[in-house]
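For reference, entry_35.txt (compact mmCIF, C-alpha atoms):
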```txt
# COMPACT_ATOMS: atom_id res chain seq x y z
CA ASP A 106 4.21 32.29 -25.83
CA TYR A 107 2.63 32.31 -22.39
CA ARG A 108 3.56 31.73 -18.79
CA ILE A 109 1.49 30.53 -15.83
CA GLU A 110 1.88 32.95 -12.93
CA GLY A 111 0.26 33.83 -9.67
CA GLN A 112 -1.42 31.35 -7.37
CA HIS A 113 -1.62 28.63 -10.03
CA ALA A 114 2.13 28.83 -10.64
CA GLN A 115 2.78 28.48 -6.92
CA MET A 116 0.49 25.46 -6.78
CA LEU A 117 2.33 23.78 -9.67
CA GLU A 118 5.66 24.42 -7.96
CA SER A 119 4.32 22.92 -4.73
CA VAL A 120 3.04 19.85 -6.59
CA ARG A 121 6.42 19.31 -8.27
CA SER A 122 8.35 19.56 -5.01
CA LEU A 123 5.81 17.33 -3.25
CA ALA A 124 6.06 14.71 -6.01
CA GLY A 125 9.83 14.52 -5.60
CA ALA A 126 9.59 14.25 -1.82
CA PHE A 127 6.85 11.63 -2.09
CA LEU A 128 8.95 9.55 -4.48
CA LEU A 129 11.84 9.67 -2.02
CA ALA A 130 9.47 8.67 0.77
CA LEU A 131 8.30 5.66 -1.27
CA VAL A 132 11.90 4.53 -1.80
CA VAL A 133 12.66 4.85 1.93
CA MET A 134 9.41 3.07 2.76
CA TYR A 135 10.31 0.20 0.43
CA ALA A 136 13.80 -0.11 1.92
CA ILE A 137 12.43 -0.24 5.49
CA LEU A 138 9.76 -2.81 4.60
CA ALA A 139 12.26 -4.95 2.68
CA THR A 140 14.59 -4.93 5.68
CA ILE A 141 11.84 -5.86 8.14
CA LEU A 142 10.22 -8.54 5.97
CA VAL A 143 13.50 -9.84 4.48
CA SER A 144 11.83 -9.87 1.07
CA TYR A 145 12.00 -7.88 -2.16
CA THR A 146 8.47 -8.66 -3.33
CA GLN A 147 6.35 -8.40 -0.18
CA PRO A 148 6.94 -4.63 0.19
CA LEU A 149 5.51 -4.23 -3.31
CA ILE A 150 2.38 -6.11 -2.21
CA ILE A 151 2.00 -3.77 0.76
CA MET A 152 2.63 -0.61 -1.27
CA ALA A 153 0.08 -1.73 -3.86
CA ALA A 154 -2.54 -0.61 -1.33
CA ILE A 155 -1.56 3.06 -1.80
CA PRO A 156 -3.33 3.51 -5.18
CA LEU A 157 -6.43 1.88 -3.68
CA GLY A 158 -6.67 4.76 -1.23
CA ALA A 159 -6.38 7.28 -4.07
CA ILE A 160 -9.46 5.73 -5.69
CA GLY A 161 -11.53 6.40 -2.58
CA ALA A 162 -10.15 9.93 -2.20
CA VAL A 163 -11.12 10.92 -5.74
CA ALA A 164 -14.54 9.33 -5.32
CA GLY A 165 -15.05 11.22 -2.04
CA HIS A 166 -14.30 14.57 -3.68
CA ALA A 167 -16.74 13.80 -6.48
CA LEU A 168 -19.42 12.66 -4.02
CA LEU A 169 -19.20 15.78 -1.83
CA GLY A 170 -18.69 18.17 -4.73
CA TYR A 171 -15.22 19.42 -3.82
CA PRO A 172 -12.47 19.97 -6.42
CA LEU A 173 -9.06 18.37 -6.00
CA THR A 174 -6.65 20.90 -4.51
CA ILE A 175 -3.10 20.91 -3.23
CA MET A 176 -4.50 20.09 0.21
CA SER A 177 -6.15 17.02 -1.30
CA ILE A 178 -2.73 15.86 -2.47
CA PHE A 179 -1.32 16.48 1.02
CA GLY A 180 -4.09 14.25 2.33
CA LEU A 181 -3.16 11.52 -0.15
CA VAL A 182 0.47 11.62 0.99
CA ALA A 183 -0.61 11.29 4.62
CA LEU A 184 -3.04 8.54 3.63
CA SER A 185 -0.27 6.41 2.14
CA GLY A 186 1.34 5.91 5.55
CA VAL A 187 -1.90 4.79 7.21
CA VAL A 188 -2.75 2.42 4.36
CA VAL A 189 0.72 0.86 4.45
CA ASN A 190 0.35 0.25 8.20
CA ASP A 191 -2.90 -1.66 7.66
CA ALA A 192 -1.43 -3.79 4.90
CA LEU A 193 1.73 -4.46 6.94
CA VAL A 194 -0.28 -5.70 9.93
CA LEU A 195 -2.16 -8.11 7.67
CA LEU A 196 0.89 -9.38 5.77
CA ASP A 197 2.91 -9.86 8.94
CA ARG A 198 0.20 -12.15 10.30
CA ILE A 199 0.20 -14.12 7.05
CA ASN A 200 3.95 -14.66 7.38
CA ILE A 201 3.55 -15.81 10.99
CA ASN A 202 0.87 -18.29 9.95
CA ARG A 203 3.06 -19.58 7.12
CA ALA A 204 6.00 -20.02 9.52
CA ALA A 205 3.69 -22.05 11.77
CA GLY A 206 3.20 -24.54 8.94
CA GLU A 207 -0.14 -23.47 7.47
CA ASN A 208 -0.68 -23.68 3.73
CA VAL A 209 -0.99 -20.46 1.75
CA PHE A 210 -4.79 -20.31 1.55
CA ASP A 211 -5.36 -21.13 5.23
CA ALA A 212 -2.65 -18.67 6.29
CA VAL A 213 -4.26 -15.86 4.28
CA LEU A 214 -7.79 -16.69 5.45
CA ASN A 215 -6.84 -16.95 9.12
CA ALA A 216 -4.77 -13.75 8.95
CA GLY A 217 -7.78 -11.87 7.59
CA CYS A 218 -9.93 -13.11 10.46
CA MET A 219 -7.31 -12.41 13.13
CA ARG A 220 -6.32 -8.93 11.92
CA PHE A 221 -9.78 -7.76 10.82
CA ARG A 222 -10.51 -6.02 14.12
CA ALA A 223 -7.14 -4.21 14.21
CA VAL A 224 -7.51 -2.94 10.64
CA MET A 225 -11.12 -1.87 11.14
CA LEU A 226 -10.35 -0.07 14.41
CA THR A 227 -7.69 1.99 12.64
CA THR A 228 -10.22 3.00 10.00
CA VAL A 229 -13.06 3.73 12.43
CA THR A 230 -10.98 5.83 14.83
CA THR A 231 -9.29 7.85 12.07
CA THR A 232 -12.60 8.43 10.28
CA ALA A 233 -14.35 9.47 13.51
CA GLY A 234 -11.55 11.88 14.36
CA LEU A 235 -11.56 13.60 10.96
CA SER A 236 -15.32 13.64 10.35
CA PRO A 237 -15.95 16.88 12.32
CA LEU A 238 -13.36 18.66 10.18
CA MET A 239 -14.75 17.18 6.97
CA LEU A 240 -18.31 18.24 7.84
CA GLU A 241 -17.35 21.72 9.07
CA ARG A 242 -18.73 24.58 6.97
CA SER A 243 -16.94 27.58 8.46
CA THR A 244 -14.67 29.64 6.19
CA GLN A 245 -11.65 28.92 8.42
CA ALA A 246 -11.97 25.17 7.80
CA LEU A 247 -12.58 25.33 4.05
CA PRO A 248 -8.89 25.00 3.03
CA LEU A 249 -8.49 21.86 5.20
CA ILE A 250 -11.68 20.06 4.17
CA PRO A 251 -10.19 18.53 0.96
CA MET A 252 -7.37 17.00 3.01
CA ALA A 253 -9.87 15.48 5.44
CA ILE A 254 -11.91 14.11 2.52
CA SER A 255 -8.83 12.46 1.03
CA LEU A 256 -7.99 10.82 4.35
CA VAL A 257 -11.50 9.69 5.30
CA PHE A 258 -12.75 8.36 1.97
CA GLY A 259 -9.33 7.08 0.94
CA LEU A 260 -8.98 5.13 4.17
CA ILE A 261 -12.49 3.68 3.93
CA ALA A 262 -11.89 2.49 0.36
CA ALA A 263 -8.37 1.25 1.08
CA THR A 264 -9.49 -0.73 4.12
CA GLY A 265 -12.13 -2.65 2.22
CA LEU A 266 -9.89 -3.23 -0.76
CA THR A 267 -6.81 -4.06 1.34
CA LEU A 268 -8.61 -6.94 3.05
CA VAL A 269 -9.26 -8.40 -0.41
CA VAL A 270 -6.47 -7.22 -2.70
CA VAL A 271 -3.43 -7.75 -0.45
CA PRO A 272 -4.29 -11.42 0.32
CA ALA A 273 -5.06 -11.97 -3.37
CA PHE A 274 -1.70 -10.46 -4.39
CA TYR A 275 0.03 -12.64 -1.80
CA ILE A 276 -1.54 -15.82 -3.21
CA VAL A 277 -0.76 -14.77 -6.80
CA GLY A 278 2.82 -13.96 -5.83
CA ASN A 279 3.21 -17.33 -4.15
CA ASP A 280 1.88 -19.08 -7.26
CA LEU A 281 4.24 -17.12 -9.51
CA SER A 282 7.17 -17.90 -7.23
CA GLY A 283 6.41 -21.62 -7.38
CA TRP A 284 6.01 -21.46 -11.15
CA LEU A 285 9.37 -19.70 -11.56
CA ARG A 286 11.08 -22.26 -9.34
CA ARG A 287 9.66 -25.08 -11.44
CA LEU A 288 10.69 -23.27 -14.61
CA GLY A 289 14.21 -22.88 -13.25
CA GLY A 290 14.33 -26.60 -12.50
CA TRP A 291 13.38 -27.39 -16.10
CA LEU A 292 15.88 -24.95 -17.61
CA ILE A 293 18.79 -26.08 -15.43
CA PRO A 294 19.01 -29.87 -15.62
CA ARG A 295 20.20 -31.63 -12.55
CA THR A 296 23.50 -33.42 -12.89
CA ALA A 297 24.61 -36.44 -10.94
CA PRO A 298 27.10 -35.65 -8.18
CA PRO A 299 30.68 -36.52 -9.10
CA ALA A 300 31.79 -39.98 -8.00
CA ALA A 301 34.34 -40.11 -5.21
CA GLU A 302 37.86 -40.76 -6.36
CA THR A 303 39.38 -44.07 -5.32
CA LEU A 304 42.10 -43.65 -2.73
CA ARG A 305 45.40 -44.84 -4.00
```
Have the structure of the file written as structure tokens, please.
Amino acid sequence: DYRIEGQHAQMLESVRSLAGAFLLALVVMYAILATILVSYTQPLIIMAAIPLGAIGAVAGHALLGYPLTIMSIFGLVALSGVVVNDALVLLDRININRAAGENVFDAVLNAGCMRFRAVMLTTVTTTAGLSPLMLERSTQALPLIPMAISLVFGLIAATGLTLVVVPAFYIVGNDLSGWLRRLGGWLIPRTAPPAAETLR
């Protein structure tokens, strides 16, 4: 038999504890979003942007030649909050447009145009702030560079994909909701209301 010890064992223990805390954070995040949006499905659309950021983070590490470390995972956890904020801003505008009477497609299209600047400013300012750390080559900064890579490249990828994927998920979810309502109408036949009894 064998046992993993030393620094690698400590890293595995940190990853396990971080995974449990991150799962709890996702549950809390879902509960808060569901309360704010008064919806069970829209928080899932917003949180679907989190894996999109992970794609960019992994690609950034491969592009710059850095291995994934525990600090990279810390960066991914921090990235999830920023990505959710961008998606929430966009989805909230879609809901406002829908409440104003716009159809689904127009509401999504107009929300993308109206919130594009806010989403892009978040990405540009965060990327500009972390770029000096990411490009630093001193030995003191080396442990933190993977975290900066995860945040910068993950945010860039998530921003571009969020502006496309979140509206697409919203339209698909709206179509599925309408289809389920029609299916429910077919499965539950409507009955005529009972006739009023004649007063004696």
Practice prompt. Could you tell me which of A:Leu142, A:Ala205, A:Ile254, A:Val277 comes closest to Ser236 of chain A if we count all atoms listed in the file?
Written response: A:Ile254
Worksheet item: Between atom CA of Ser177 of chain A and atom CA of Pro251 of chain A, what is the spacing in Å?
Response: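 Rounded to one decimal, the two atoms are 4.9 Å apart.
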Worksheet entry | Distance query segment 217-232 of chain A at most 8 Å, all atoms listed in the file, self and fewer than 3 positions along chain excluded, as a list in words |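 Once the adjacent positions are removed, what remains is Asp191, Val194, Leu195, Arg198, Val213, Leu214, Leu235, Ser236, Leu256, Val257, Leu260, Ile261, Thr264 and Leu268 of chain A.
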Item to complete: Could you tell me how far atom CA of Leu247 of chain A lies from atom CA of Pro172 of chain A, in Å and to one decimal?
Response: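 So the two atoms, atom CA of Leu247 of chain A and atom CA of Pro172 of chain A, lie 11.8 Å apart.
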With segment 134-141 of chain A as the partner and 12 Å as the cut-off, tabulate the residues of segment 150-189 of chain A that qualify, each row holding the nearest pair of atoms and their distance in Å to one decimal, using all atoms listed in the file, sorted by chain and rising number, as CSV.
```
residue,atom,partner,partner_atom,distance
A:Ile150,CA,A:Tyr135,CA,10.5
A:Ile151,CA,A:Leu138,CA,8.7
A:Met152,CA,A:Tyr135,CA,7.9
A:Ala153,CA,A:Tyr135,CA,11.3
A:Ile155,CA,A:Met134,CA,11.9
A:Ser185,CA,A:Met134,CA,10.3
A:Gly186,CA,A:Met134,CA,9.0
A:Val189,CA,A:Met134,CA,9.1
```
Discussion item. What does the structure give for the distance between atom CA of Phe210 of chain A and atom CA of Ile276 of chain A, in Å to one decimal?
Written reply: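 Between atom CA of Phe210 of chain A and atom CA of Ile276 of chain A the gap works out to 7.3 Å.
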Fill in: For Phe127 of chain A, the nearest of the candidates A:His113, A:Asp197, A:Ile178, A:Gly165, counting all atoms listed in the file
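Distance minimum relative to Phe127 of chain A lands on A:Ile178.
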Discussion item. From the options A:Arg121, A:His166, A:Arg242, A:Arg108, which residue's atoms come nearest to Gly180 of chain A, counting only C-alpha atoms?
Written reply: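 The closest residue to Gly180 of chain A is A:His166.
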Worksheet item: Which residue out of A:Ala246, A:Val132, A:Gln115, A:Val209 has the minimum interatomic distance to Asp280 of chain A when all atoms listed in the file are used?
Response: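 Closest to Asp280 of chain A, using all atoms listed in the file: A:Val209.
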Worksheet item: With all atoms listed in the file as the atoms that count, which of A:Ala204, A:Ala192, A:Val182, A:Ala233 lies nearest to Val120 of chain A?
Response: A:Val182
Item to complete: Identify which of the residues A:Tyr275, A:Tyr107, A:Tyr171, A:Trp284 lies closest to Pro148 of chain A, counting only C-alpha atoms when measuring atom-to-atom distances.
Response: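 Closest candidate: A:Tyr275.
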